[in-house]
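One file, start12.pdb, is given below (PDB, C-alpha atoms, pLDDT in the B column).
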MODEL        1
ATOM      1  CA  MET Q 164     -27.523 -14.347  -0.627  1.00 38.00           C
ATOM      2  CA  LEU Q 165     -26.457 -15.057  -4.192  1.00 39.00           C
ATOM      3  CA  ARG Q 166     -25.326 -11.472  -4.594  1.00 43.00           C
ATOM      4  CA  SER Q 167     -23.165 -11.556  -1.467  1.00 46.00           C
ATOM      5  CA  ARG Q 168     -21.436 -14.802  -2.358  1.00 58.00           C
ATOM      6  CA  PRO Q 169     -18.985 -13.398  -4.968  1.00 84.00           C
ATOM      7  CA  THR Q 170     -17.896 -10.724  -2.491  1.00 84.00           C
ATOM      8  CA  PHE Q 171     -17.315 -13.378   0.181  1.00 87.00           C
ATOM      9  CA  VAL Q 172     -15.302 -15.478  -2.255  1.00 90.00           C
ATOM     10  CA  ARG Q 173     -13.163 -12.513  -3.259  1.00 91.00           C
ATOM     11  CA  HIS Q 174     -12.477 -11.653   0.374  1.00 92.00           C
ATOM     12  CA  PHE Q 175     -11.499 -15.263   1.057  1.00 93.00           C
ATOM     13  CA  VAL Q 176      -9.158 -15.385  -1.956  1.00 93.00           C
ATOM     14  CA  VAL Q 177      -7.439 -12.117  -1.028  1.00 95.00           C
ATOM     15  CA  LEU Q 178      -7.152 -13.132   2.632  1.00 95.00           C
ATOM     16  CA  LEU Q 179      -5.588 -16.454   1.623  1.00 96.00           C
ATOM     17  CA  LEU Q 180      -3.173 -14.621  -0.680  1.00 96.00           C
ATOM     18  CA  SER Q 181      -2.301 -12.251   2.172  1.00 96.00           C
ATOM     19  CA  ILE Q 182      -1.533 -15.127   4.536  1.00 96.00           C
ATOM     20  CA  LEU Q 183       0.680 -16.861   1.968  1.00 97.00           C
ATOM     21  CA  LEU Q 184       2.564 -13.640   1.264  1.00 96.00           C
ATOM     22  CA  PHE Q 185       2.986 -12.970   4.985  1.00 96.00           C
ATOM     23  CA  VAL Q 186       4.452 -16.415   5.642  1.00 95.00           C
ATOM     24  CA  ALA Q 187       6.820 -16.079   2.677  1.00 95.00           C
ATOM     25  CA  PHE Q 188       8.010 -12.618   3.740  1.00 94.00           C
ATOM     26  CA  LEU Q 189       8.326 -13.689   7.365  1.00 92.00           C
ATOM     27  CA  TYR Q 190      10.598 -16.643   6.640  1.00 90.00           C
ATOM     28  CA  SER Q 191      12.640 -14.709   4.092  1.00 89.00           C
ATOM     29  CA  ARG Q 192      14.129 -12.694   6.963  1.00 86.00           C
ATOM     30  CA  ALA Q 193      14.773 -15.411   9.512  1.00 82.00           C
ATOM     31  CA  GLU Q 194      17.924 -13.662  10.766  1.00 81.00           C
ATOM     32  CA  TRP Q 195      16.057 -10.502  11.808  1.00 82.00           C
ATOM     33  CA  SER Q 196      14.713  -9.785  15.285  1.00 84.00           C
ATOM     34  CA  GLU Q 197      11.149 -10.985  15.809  1.00 87.00           C
ATOM     35  CA  MET Q 198       9.598  -7.519  15.930  1.00 89.00           C
ATOM     36  CA  HIS Q 199      11.261  -6.388  12.707  1.00 86.00           C
ATOM     37  CA  ARG Q 200      10.378  -9.649  10.946  1.00 90.00           C
ATOM     38  CA  TYR Q 201       6.672  -9.319  11.692  1.00 93.00           C
ATOM     39  CA  ASN Q 202       6.661  -5.579  11.174  1.00 92.00           C
ATOM     40  CA  ARG Q 203       8.296  -5.707   7.765  1.00 91.00           C
ATOM     41  CA  ALA Q 204       6.459  -8.840   6.594  1.00 94.00           C
ATOM     42  CA  ILE Q 205       2.988  -7.421   7.208  1.00 95.00           C
ATOM     43  CA  GLY Q 206       4.075  -4.072   5.754  1.00 94.00           C
ATOM     44  CA  ASP Q 207       5.245  -5.831   2.604  1.00 95.00           C
ATOM     45  CA  VAL Q 208       1.906  -7.636   2.349  1.00 96.00           C
ATOM     46  CA  SER Q 209       0.107  -4.286   2.429  1.00 95.00           C
ATOM     47  CA  LEU Q 210       2.387  -2.883  -0.275  1.00 96.00           C
ATOM     48  CA  VAL Q 211       1.949  -5.890  -2.572  1.00 96.00           C
ATOM     49  CA  LEU Q 212      -1.848  -5.925  -2.191  1.00 96.00           C
ATOM     50  CA  ILE Q 213      -2.245  -2.256  -3.022  1.00 95.00           C
ATOM     51  CA  SER Q 214       0.178  -2.689  -5.923  1.00 94.00           C
ATOM     52  CA  PHE Q 215      -1.988  -5.487  -7.319  1.00 94.00           C
ATOM     53  CA  ALA Q 216      -5.039  -3.262  -6.939  1.00 93.00           C
ATOM     54  CA  MET Q 217      -3.311  -0.447  -8.815  1.00 92.00           C
ATOM     55  CA  VAL Q 218      -2.064  -2.592 -11.701  1.00 93.00           C
ATOM     56  CA  ILE Q 219      -5.130  -4.719 -12.482  1.00 91.00           C
ATOM     57  CA  GLY Q 220      -7.019  -1.905 -14.216  1.00 88.00           C
ATOM     58  CA  PRO Q 221      -4.188  -0.735 -16.503  1.00 89.00           C
ATOM     59  CA  VAL Q 222      -3.180  -4.289 -17.446  1.00 88.00           C
ATOM     60  CA  SER Q 223      -6.779  -5.235 -18.282  1.00 86.00           C
ATOM     61  CA  ARG Q 224      -7.035  -2.206 -20.590  1.00 84.00           C
ATOM     62  CA  LEU Q 225      -3.749  -3.052 -22.283  1.00 83.00           C
ATOM     63  CA  ALA Q 226      -4.341  -6.772 -22.803  1.00 80.00           C
ATOM     64  CA  ASN Q 227      -8.132  -6.541 -23.210  1.00 75.00           C
ATOM     65  CA  LYS Q 228      -8.594 -10.165 -22.140  1.00 78.00           C
ATOM     66  CA  LYS Q 229     -11.775 -11.469 -20.564  1.00 81.00           C
ATOM     67  CA  TRP Q 230      -9.974 -13.269 -17.731  1.00 80.00           C
ATOM     68  CA  LEU Q 231      -8.116 -10.068 -16.841  1.00 80.00           C
ATOM     69  CA  ARG Q 232     -11.333  -8.043 -16.827  1.00 83.00           C
ATOM     70  CA  SER Q 233     -12.813 -10.643 -14.485  1.00 85.00           C
ATOM     71  CA  LEU Q 234     -10.166  -9.624 -11.926  1.00 87.00           C
ATOM     72  CA  LEU Q 235     -11.327  -5.996 -11.807  1.00 88.00           C
ATOM     73  CA  PRO Q 236     -13.805  -6.557  -8.923  1.00 89.00           C
ATOM     74  CA  TYR Q 237     -10.891  -7.807  -6.800  1.00 92.00           C
ATOM     75  CA  ARG Q 238      -9.521  -4.259  -6.588  1.00 91.00           C
ATOM     76  CA  ARG Q 239     -11.992  -3.487  -3.822  1.00 90.00           C
ATOM     77  CA  GLU Q 240     -11.009  -6.450  -1.650  1.00 92.00           C
ATOM     78  CA  LEU Q 241      -7.313  -5.949  -2.351  1.00 94.00           C
ATOM     79  CA  GLY Q 242      -7.568  -2.361  -1.144  1.00 92.00           C
ATOM     80  CA  ILE Q 243      -9.515  -3.291   1.977  1.00 93.00           C
ATOM     81  CA  TRP Q 244      -7.084  -6.003   3.063  1.00 95.00           C
ATOM     82  CA  ALA Q 245      -4.125  -3.752   2.239  1.00 95.00           C
ATOM     83  CA  VAL Q 246      -5.488  -1.259   4.760  1.00 94.00           C
ATOM     84  CA  VAL Q 247      -6.078  -4.025   7.322  1.00 95.00           C
ATOM     85  CA  ALA Q 248      -2.460  -5.152   6.884  1.00 96.00           C
ATOM     86  CA  ALA Q 249      -1.271  -1.537   7.211  1.00 95.00           C
ATOM     87  CA  LEU Q 250      -3.228  -1.195  10.455  1.00 95.00           C
ATOM     88  CA  ILE Q 251      -1.586  -4.334  11.881  1.00 95.00           C
ATOM     89  CA  HIS Q 252       1.778  -2.988  10.691  1.00 94.00           C
ATOM     90  CA  THR Q 253       1.123   0.237  12.623  1.00 93.00           C
ATOM     91  CA  ILE Q 254       0.091  -1.629  15.787  1.00 94.00           C
ATOM     92  CA  ILE Q 255       3.307  -3.673  15.708  1.00 93.00           C
ATOM     93  CA  ILE Q 256       5.347  -0.472  15.434  1.00 91.00           C
ATOM     94  CA  LEU Q 257       3.457   1.212  18.268  1.00 90.00           C
ATOM     95  CA  PHE Q 258       3.878  -1.694  20.667  1.00 90.00           C
ATOM     96  CA  GLY Q 259       7.125  -3.271  19.474  1.00 87.00           C
ATOM     97  CA  TRP Q 260       9.285  -0.411  18.204  1.00 83.00           C
ATOM     98  CA  VAL Q 261       8.304   2.825  19.974  1.00 83.00           C
ATOM     99  CA  GLU Q 262       6.620   1.036  22.905  1.00 84.00           C
ATOM    100  CA  LEU Q 263       3.575   3.336  22.890  1.00 86.00           C
ATOM    101  CA  ASP Q 264       5.783   6.416  23.279  1.00 85.00           C
ATOM    102  CA  LEU Q 265       4.297   8.661  20.580  1.00 84.00           C
ATOM    103  CA  TRP Q 266       7.191  11.110  20.865  1.00 85.00           C
ATOM    104  CA  ARG Q 267       9.513   8.338  19.681  1.00 85.00           C
ATOM    105  CA  LEU Q 268       7.192   7.672  16.742  1.00 85.00           C
ATOM    106  CA  PHE Q 269       8.105  11.128  15.451  1.00 83.00           C
ATOM    107  CA  GLY Q 270      11.837  10.883  15.975  1.00 78.00           C
ATOM    108  CA  PHE Q 271      12.161  12.186  19.552  1.00 82.00           C
ATOM    109  CA  GLU Q 272      14.050  10.515  22.394  1.00 81.00           C
ATOM    110  CA  PHE Q 273      14.073  11.451  26.068  1.00 79.00           C
ATOM    111  CA  HIS Q 274      17.342  13.124  27.118  1.00 78.00           C
ATOM    112  CA  PRO Q 275      18.050  12.374  30.822  1.00 82.00           C
ATOM    113  CA  GLY Q 276      20.426  15.305  31.156  1.00 78.00           C
ATOM    114  CA  LEU Q 277      17.994  17.843  29.733  1.00 77.00           C
ATOM    115  CA  GLN Q 278      14.959  16.096  31.238  1.00 78.00           C
ATOM    116  CA  GLN Q 279      13.044  16.577  28.011  1.00 80.00           C
ATOM    117  CA  TYR Q 280      12.485  15.021  24.584  1.00 81.00           C
ATOM    118  CA  VAL Q 281      14.873  16.028  21.807  1.00 83.00           C
ATOM    119  CA  MET Q 282      14.701  15.353  18.079  1.00 79.00           C
ATOM    120  CA  VAL Q 283      17.280  12.744  17.081  1.00 77.00           C
ATOM    121  CA  ARG Q 284      15.802  11.157  13.919  1.00 76.00           C
ATOM    122  CA  HIS Q 285      14.316  13.717  11.561  1.00 74.00           C
ATOM    123  CA  GLY Q 286      13.738  11.207   8.783  1.00 77.00           C
ATOM    124  CA  PHE Q 287      11.970   8.819  11.144  1.00 81.00           C
ATOM    125  CA  ALA Q 288       9.426  11.551  11.870  1.00 83.00           C
ATOM    126  CA  LEU Q 289       8.832  12.223   8.171  1.00 85.00           C
ATOM    127  CA  GLY Q 290       8.655   8.538   7.252  1.00 87.00           C
ATOM    128  CA  ASN Q 291       6.129   7.765   9.961  1.00 87.00           C
ATOM    129  CA  ALA Q 292       4.105  10.893   9.198  1.00 89.00           C
ATOM    130  CA  LEU Q 293       3.765   9.691   5.608  1.00 91.00           C
ATOM    131  CA  GLY Q 294       2.754   6.250   6.863  1.00 91.00           C
ATOM    132  CA  ILE Q 295       0.116   7.646   9.219  1.00 91.00           C
ATOM    133  CA  LEU Q 296      -1.293   9.887   6.494  1.00 91.00           C
ATOM    134  CA  ALA Q 297      -1.444   6.902   4.135  1.00 92.00           C
ATOM    135  CA  LEU Q 298      -3.213   4.811   6.781  1.00 92.00           C
ATOM    136  CA  LEU Q 299      -5.834   7.506   7.430  1.00 91.00           C
ATOM    137  CA  TYR Q 300      -6.361   8.021   3.711  1.00 89.00           C
ATOM    138  CA  GLY Q 301      -6.582   4.285   3.149  1.00 90.00           C
ATOM    139  CA  PHE Q 302      -9.075   3.914   5.983  1.00 90.00           C
ATOM    140  CA  VAL Q 303     -11.408   6.434   4.316  1.00 88.00           C
ATOM    141  CA  LEU Q 304     -11.139   4.562   1.011  1.00 88.00           C
ATOM    142  CA  ALA Q 305     -11.671   1.187   2.686  1.00 88.00           C
ATOM    143  CA  ILE Q 306     -14.832   2.138   4.596  1.00 89.00           C
ATOM    144  CA  THR Q 307     -16.350   3.577   1.412  1.00 86.00           C
ATOM    145  CA  SER Q 308     -15.408   0.587  -0.765  1.00 84.00           C
ATOM    146  CA  ASN Q 309     -18.906  -0.873  -0.759  1.00 82.00           C
ATOM    147  CA  ASN Q 310     -22.155  -0.590  -2.682  1.00 83.00           C
ATOM    148  CA  LEU Q 311     -23.942   1.204   0.161  1.00 84.00           C
ATOM    149  CA  SER Q 312     -21.401   4.043   0.183  1.00 84.00           C
ATOM    150  CA  GLN Q 313     -21.636   4.252  -3.592  1.00 83.00           C
ATOM    151  CA  ARG Q 314     -25.406   4.673  -3.400  1.00 86.00           C
ATOM    152  CA  ILE Q 315     -25.219   7.243  -0.587  1.00 86.00           C
ATOM    153  CA  LEU Q 316     -22.444   9.345  -2.121  1.00 82.00           C
ATOM    154  CA  GLY Q 317     -23.561   9.002  -5.726  1.00 84.00           C
ATOM    155  CA  ASN Q 318     -21.412   7.692  -8.565  1.00 83.00           C
ATOM    156  CA  SER Q 319     -19.574  10.941  -9.347  1.00 83.00           C
ATOM    157  CA  VAL Q 320     -18.570  11.712  -5.723  1.00 82.00           C
ATOM    158  CA  TRP Q 321     -17.767   8.063  -4.993  1.00 81.00           C
ATOM    159  CA  LYS Q 322     -15.542   7.732  -8.067  1.00 82.00           C
ATOM    160  CA  TYR Q 323     -13.774  10.995  -7.256  1.00 81.00           C
ATOM    161  CA  LEU Q 324     -13.102   9.748  -3.727  1.00 80.00           C
ATOM    162  CA  GLN Q 325     -11.852   6.363  -4.888  1.00 81.00           C
ATOM    163  CA  GLN Q 326      -9.475   8.007  -7.353  1.00 81.00           C
ATOM    164  CA  GLY Q 327      -7.549   8.996  -4.239  1.00 79.00           C
ATOM    165  CA  ALA Q 328      -6.059   5.509  -4.452  1.00 85.00           C
ATOM    166  CA  TYR Q 329      -3.352   7.069  -6.637  1.00 87.00           C
ATOM    167  CA  VAL Q 330      -2.464   9.495  -3.845  1.00 88.00           C
ATOM    168  CA  LEU Q 331      -2.510   6.624  -1.349  1.00 89.00           C
ATOM    169  CA  TRP Q 332      -0.204   4.601  -3.584  1.00 91.00           C
ATOM    170  CA  TRP Q 333       2.446   7.330  -3.713  1.00 93.00           C
ATOM    171  CA  LEU Q 334       2.252   7.926   0.039  1.00 93.00           C
ATOM    172  CA  VAL Q 335       2.871   4.211   0.594  1.00 93.00           C
ATOM    173  CA  VAL Q 336       5.746   4.238  -1.903  1.00 94.00           C
ATOM    174  CA  ALA Q 337       7.401   7.219  -0.193  1.00 93.00           C
ATOM    175  CA  HIS Q 338       6.941   5.676   3.263  1.00 93.00           C
ATOM    176  CA  THR Q 339       8.389   2.325   2.148  1.00 93.00           C
ATOM    177  CA  ALA Q 340      11.267   3.904   0.231  1.00 92.00           C
ATOM    178  CA  TYR Q 341      12.408   5.815   3.308  1.00 88.00           C
ATOM    179  CA  PHE Q 342      12.657   2.692   5.477  1.00 87.00           C
ATOM    180  CA  LEU Q 343      14.252   0.634   2.706  1.00 87.00           C
ATOM    181  CA  PHE Q 344      16.910   3.116   1.604  1.00 85.00           C
ATOM    182  CA  VAL Q 345      17.360   5.902   4.153  1.00 81.00           C
ATOM    183  CA  HIS Q 346      16.446   5.175   7.768  1.00 74.00           C
ATOM    184  CA  PHE Q 347      19.217   2.766   8.740  1.00 70.00           C
ATOM    185  CA  LEU Q 348      21.896   4.995   7.246  1.00 67.00           C
ATOM    186  CA  ASP Q 349      21.712   6.855  10.557  1.00 59.00           C
ATOM    187  CA  TYR Q 350      23.356   3.907  12.294  1.00 55.00           C
ATOM    188  CA  HIS Q 351      26.899   2.596  12.383  1.00 53.00           C
ATOM    189  CA  ARG Q 352      25.716  -0.498  10.531  1.00 52.00           C
ATOM    190  CA  ALA Q 353      22.512  -1.573   8.821  1.00 52.00           C
ATOM    191  CA  ILE Q 354      19.899  -2.828  11.314  1.00 56.00           C
ATOM    192  CA  PRO Q 355      18.355  -5.252  10.488  1.00 55.00           C
ATOM    193  CA  GLU Q 356      20.603  -6.540   7.771  1.00 61.00           C
ATOM    194  CA  PRO Q 357      20.522  -7.550   4.992  1.00 63.00           C
ATOM    195  CA  ASN Q 358      17.315  -6.356   3.337  1.00 75.00           C
ATOM    196  CA  TRP Q 359      16.718  -8.117   0.030  1.00 86.00           C
ATOM    197  CA  ALA Q 360      13.575  -6.099  -0.780  1.00 87.00           C
ATOM    198  CA  GLN Q 361      15.211  -3.017  -2.303  1.00 88.00           C
ATOM    199  CA  LEU Q 362      15.462  -4.223  -5.904  1.00 90.00           C
ATOM    200  CA  PRO Q 363      12.037  -5.965  -5.892  1.00 93.00           C
ATOM    201  CA  PHE Q 364      10.541  -2.743  -4.509  1.00 94.00           C
ATOM    202  CA  ILE Q 365      12.024  -0.713  -7.361  1.00 94.00           C
ATOM    203  CA  GLY Q 366      10.753  -3.279  -9.857  1.00 94.00           C
ATOM    204  CA  LEU Q 367       7.270  -3.234  -8.343  1.00 95.00           C
ATOM    205  CA  VAL Q 368       7.040   0.558  -8.461  1.00 95.00           C
ATOM    206  CA  LEU Q 369       8.266   0.618 -12.063  1.00 95.00           C
ATOM    207  CA  LEU Q 370       5.741  -2.064 -13.019  1.00 94.00           C
ATOM    208  CA  VAL Q 371       2.829  -0.038 -11.636  1.00 93.00           C
ATOM    209  CA  VAL Q 372       4.053   3.251 -13.136  1.00 93.00           C
ATOM    210  CA  LEU Q 373       4.757   1.756 -16.571  1.00 94.00           C
ATOM    211  CA  ALA Q 374       1.440  -0.116 -16.652  1.00 91.00           C
ATOM    212  CA  GLN Q 375      -0.509   3.015 -15.734  1.00 90.00           C
ATOM    213  CA  SER Q 376       1.418   5.159 -18.213  1.00 91.00           C
ATOM    214  CA  ALA Q 377       0.991   2.664 -21.051  1.00 90.00           C
ATOM    215  CA  ALA Q 378      -2.714   2.241 -20.314  1.00 87.00           C
ATOM    216  CA  SER Q 379      -3.200   6.016 -20.324  1.00 88.00           C
ATOM    217  CA  ILE Q 380      -1.513   6.293 -23.732  1.00 89.00           C
ATOM    218  CA  VAL Q 381      -3.536   3.412 -25.184  1.00 85.00           C
ATOM    219  CA  THR Q 382      -6.780   4.852 -23.817  1.00 83.00           C
ATOM    220  CA  TRP Q 383      -5.935   8.261 -25.289  1.00 85.00           C
ATOM    221  CA  ARG Q 384      -5.114   6.752 -28.701  1.00 84.00           C
ATOM    222  CA  ARG Q 385      -8.346   4.759 -28.770  1.00 80.00           C
ATOM    223  CA  ALA Q 386     -10.342   7.877 -27.896  1.00 79.00           C
ATOM    224  CA  ARG Q 387      -8.603   9.821 -30.666  1.00 82.00           C
ATOM    225  CA  MET Q 388      -9.318   7.070 -33.179  1.00 81.00           C
ATOM    226  CA  ARG Q 389     -13.013   7.073 -32.230  1.00 80.00           C
ATOM    227  CA  GLU Q 390     -13.163  10.849 -32.573  1.00 76.00           C
ATOM    228  CA  GLN Q 391     -11.514  10.691 -36.006  1.00 76.00           C
ATOM    229  CA  ALA Q 392     -13.837   7.877 -37.119  1.00 75.00           C
ATOM    230  CA  SER Q 393     -16.945   9.770 -36.008  1.00 75.00           C
ATOM    231  CA  ALA Q 394     -15.743  12.944 -37.715  1.00 69.00           C
ATOM    232  CA  ALA Q 395     -15.067  11.145 -41.009  1.00 62.00           C
TER     233      ALA Q 395
ENDMDL
END

As structure tokens, the full file:
Amino acid sequence: MLRSRPTFVRHFVVLLLSILLFVAFLYSRAEWSEMHRYNRAIGDVSLVLISFAMVIGPVSRLANKKWLRSLLPYRRELGIWAVVAALIHTIIILFGWVELDLWRLFGFEFHPGLQQYVMVRHGFALGNALGILALLYGFVLAITSNNLSQRILGNSVWKYLQQGAYVLWWLVVAHTAYFLFVHFLDYHRAIPEPNWAQLPFIGLVLLVVLAQSAASIVTWRRARMREQASAA
């Protein structure tokens, strides 16, 4: 029971953070239609959670502070709840946007004159394909983010699998970037409009990339210094 308590606390903290983020994102777009508000808000929650999970490790290596290292276990819960939010995001799209018409999910619309589906939004198909791939990938990572999976798979296989979080991150970035910067260019005017998240999204991506790059350089330099010290 004592061992399970920290995990429960971490799940509670991340869930509370997710709810607060969702409410903030939801009310930041009060002028949008209800479906788009909920869809985008829960999608943004997923993006922020996985971004936090990706940046905690690099920042803790750079700053080397005890309180930052204490946040490392939260990466597991952040990833799990990011996938849960992504799943809700997908359900909203399926029911609210494409209305369970899977052809529409991939950019097709029914043409009454031709009596068949025709491709009308090529980018919509690509953007959603990236999102679905990210969700499937994230689901695999989420269901293996536990001690039991680590014992069954072994440390080397489990770590290799979990390193796929970097692939997941870039899939999420590409999916989000399409809907922030490209999709609504197909219309006469931006729908919904305006979207304040473009600049924060760029800043968030740069933060993660710079933190990971800097941490990699610092780790490499420390390894080189140890090698030189041992050779001396």

Segment 310-385 of chain Q near segment 220-234 of chain Q within 12 Å: what's each residue's closest atom pair and its distance in Å to one decimal, counting all atoms listed in the file, ordered by chain then ascending residue number, as CSV?
residue,atom,partner,partner_atom,distance
Q:Leu370,CA,Q:Val222,CA,10.2
Q:Val371,CA,Q:Pro221,CA,8.6
Q:Val372,CA,Q:Pro221,CA,9.8
Q:Leu373,CA,Q:Pro221,CA,9.3
Q:Ala374,CA,Q:Pro221,CA,5.7
Q:Gln375,CA,Q:Pro221,CA,5.3
Q:Ser376,CA,Q:Pro221,CA,8.3
Q:Ala377,CA,Q:Leu225,CA,7.5
Q:Ala378,CA,Q:Pro221,CA,5.1
Q:Ser379,CA,Q:Pro221,CA,7.8
Q:Ile380,CA,Q:Leu225,CA,9.7
Q:Val381,CA,Q:Leu225,CA,7.1
Q:Thr382,CA,Q:Arg224,CA,7.8
Q:Trp383,CA,Q:Arg224,CA,11.5
Q:Arg384,CA,Q:Leu225,CA,11.8
Q:Arg385,CA,Q:Arg224,CA,10.8

Selection to disk with C-alpha atoms, as an mmCIF file, keeping the file's coordinate frame:
data_model
loop_
_atom_site.group_PDB
_atom_site.id
_atom_site.type_symbol
_atom_site.label_atom_id
_atom_site.label_comp_id
_atom_site.auth_asym_id
_atom_site.auth_seq_id
_atom_site.Cartn_x
_atom_site.Cartn_y
_atom_site.Cartn_z
ATOM 1 C CA LEU Q 370 5.741 -2.064 -13.019
ATOM 2 C CA VAL Q 371 2.829 -0.038 -11.636
ATOM 3 C CA VAL Q 372 4.053 3.251 -13.136
ATOM 4 C CA LEU Q 373 4.757 1.756 -16.571
ATOM 5 C CA ALA Q 374 1.440 -0.116 -16.652
ATOM 6 C CA GLN Q 375 -0.509 3.015 -15.734
ATOM 7 C CA SER Q 376 1.418 5.159 -18.213
ATOM 8 C CA ALA Q 377 0.991 2.664 -21.051
ATOM 9 C CA ALA Q 378 -2.714 2.241 -20.314
ATOM 10 C CA SER Q 379 -3.200 6.016 -20.324
ATOM 11 C CA ILE Q 380 -1.513 6.293 -23.732
ATOM 12 C CA VAL Q 381 -3.536 3.412 -25.184
ATOM 13 C CA THR Q 382 -6.780 4.852 -23.817
ATOM 14 C CA TRP Q 383 -5.935 8.261 -25.289
ATOM 15 C CA ARG Q 384 -5.114 6.752 -28.701
ATOM 16 C CA ARG Q 385 -8.346 4.759 -28.770
#

*Written as a VMD selection string, which residues does the PyMOL selection byres ((chain Q and resi 167-182) around 12) give for the file shown?*
chain Q and resid 164 to 166 183 to 189 204 to 213 215 to 216 233 to 249 308 to 310

I'd like the box whose edges run along x, y and z of the file and which contains every listed atom of segment 179-195 of chain Q, padded by 6 Å per side; could you state its centre and edge lengths in Å, one decimal, as JSON?
{"center_x": 6.2, "center_y": -13.7, "center_z": 5.6, "size_x": 35.5, "size_y": 18.4, "size_z": 24.5}

_To test your reading of the syntax: which residues would the PyMOL selection byres ((chain Q and resi 290) around 12) return for the file shown? Reply as a list in words._
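Expected selection for the PyMOL selection byres ((chain Q and resi 290) around 12) here is Leu268, Phe269, Gly270, Arg284, His285, Gly286, Phe287, Ala288, Leu289, Asn291, Ala292, Leu293, Gly294, Ile295, Leu296, Ala297, Leu334, Val335, Val336, Ala337, His338, Thr339, Ala340, Tyr341, Phe342, Leu343, Phe344, Val345 and His346 of chain Q.
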
*Which residue, Q:Val368, Q:Ile254, Q:Val283, Q:Val320, has the smallest gap to Trp332 of chain Q when you use all atoms listed in the file?*
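That would be Q:Val368, the residue with the smallest distance to Trp332 of chain Q.
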
*Please indicate the distance in Å from atom CA of Gly366 of chain Q to atom CA of Arg203 of chain Q, rounded to one decimal place.*
18.0 Å

*In Å, with one decimal, what is the gap from atom CA of Pro363 of chain Q to atom CA of Trp333 of chain Q?*
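A separation of 16.5 Å between them.
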
*To one decimal in Å, tell me the separation between atom CA of Ile251 of chain Q and atom CA of Phe271 of chain Q.*
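According to the coordinates, atom CA of Ile251 of chain Q and atom CA of Phe271 of chain Q are separated by 22.8 Å.
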
*List the neighbours of Thr307 of chain Q out to 10 Å using all atoms listed in the file; skip same-chain residues closer than 2 positions along the sequence, and give me the result as a PyMOL selection string.*
chain Q and resi 239+243+301-305+309-313+315-316+321+324-325
